[in-house]
Amino acid sequence: MIDVMNIILLGPPGAGKGTQAKFIVEKYKIIHISTGDMLREAVSSASELGLKVKSILEKGLLVSDDIMNELVKERLSRKDSEKGFILDGFPRTVNQAENLENILKGLNKKIDYVIFVNADEETVVRRISNRRVCPKCGRVYNLLTLKPENDSLCDNCGSEIIQRKDDKEQTVRDRYNVYKENTQPVIDYYENKKILFEVDGSRDLHEVNKKVMQILGN
């Protein structure tokens with residue numbers, strides 16, 4: 001195991017990247033940086049860049065590579081990333097991957113591991129389409145693994161739980177296929193650099209974690 005550990009987590013929605021990120025953070029005390037968190041933080045900061053991001057998101061547009069690169073560079077320049085980090089949700093394109101490499105060179109850093117938590121379409125659809133959320137308190141359930149005590153009511157506040165539009169089967173299939181199409185070149189990019197490690201995210205989360213920890217040298 002190396003002293004400073006910089007990791008990229010790749011994987012389709014529902015593969016379990018977020019869960020594995022929590023395990024890694026807990027064990028190695030490094031920071032978890034997600035694209036969503038960076039964008040939300042930028043918007044709440046009301047900085048010039050943040051206002052630009054807010055305007056783009058409000059129009060329902062995708063944030064450009066240039067802006068994402070700027071956000072990533074700023075975040076990785078902070079002191080709390082010196083002991084290592086997990087990047088989750090970035091890079092999504094080869095262009096972003098190449099820009100990330102240049103950013104890290106400028107900061108005298110490099111990526112040590114790219115962990116691809118893979119899962120087939122049916123596994124992802126089954127997991128996400130069974131997700132339910134409380135519209136009032138935000139508690140998340142899963143009808144397969146984390147059911148409420150009452151089939152349709154939130155344990156916290158008693159409100160009726162709902163299925164979000166993004167979690168409906170056809171939407172999940174569409175998201176999965178877009179992800180596969182866009183991300184395969186990124187997977188190939190890191191495979192060529194000999195730092196890509198694939199794990200089967202369709203397995204039990206503790207089995208997946210055991211495999212991830214073996215990759216990281218523990």
# chains A, B, ... in the order shown; residues from 1 in each chain; ligands from 1

$ residues_around --residues "Asn209 of chain A" --least-positions-apart "5" --cutoff "9 Å" --atoms "only C-alpha atoms" --output "count of residues only"
6

$ residues_around --residues "Lys29 of chain A" --least-positions-apart "6" --cutoff "12 Å" --atoms "only C-alpha atoms" --output "short mmCIF file (atom, residue, chain, number, x, y, z; two decimals) with C-alpha atoms, in the first residue's frame"
data_model
loop_
_atom_site.label_atom_id
_atom_site.label_comp_id
_atom_site.auth_asym_id
_atom_site.auth_seq_id
_atom_site.Cartn_x
_atom_site.Cartn_y
_atom_site.Cartn_z
CA ASP A 3 1.32 6.41 1.63
CA VAL A 4 -0.79 8.79 -0.46
CA MET A 5 -3.64 7.17 -2.33
CA ASN A 6 -5.41 8.94 -5.20
CA ALA A 21 -16.31 5.05 -1.49
CA LYS A 22 -17.63 5.19 2.11
CA PHE A 23 -15.70 2.00 3.00
CA ASP A 80 -7.38 18.25 2.67
CA SER A 81 -6.53 16.38 -0.54
CA GLU A 82 -2.83 16.07 0.30
CA LYS A 83 -3.26 12.65 1.97
CA GLY A 84 -5.28 11.31 -0.93
CA PHE A 85 -8.70 11.45 -2.53
CA ILE A 86 -11.42 9.50 -4.30
#

$ atom_distance --atom1 "atom CA of Leu216 of chain A" --atom2 "atom CA of Leu10 of chain A"
15.2 Å

$ residues_around --residues "Val125 of chain A" --least-positions-apart "3" --cutoff "8 Å" --atoms "only C-alpha atoms" --output "ChimeraX atom specification"
/A:14,121-122,128-129,169,172-173

$ closest_residue --among "A:Glu41, A:Asp200, A:Glu58, A:Asp155" --to "Leu71 of chain A" --atoms "only C-alpha atoms"
A:Glu41

$ residues_around --residues "Ala119 of chain A" --least-positions-apart "6" --cutoff "6 Å" --atoms "only C-alpha atoms" --output "ChimeraX atom specification"
/A:15,201-202
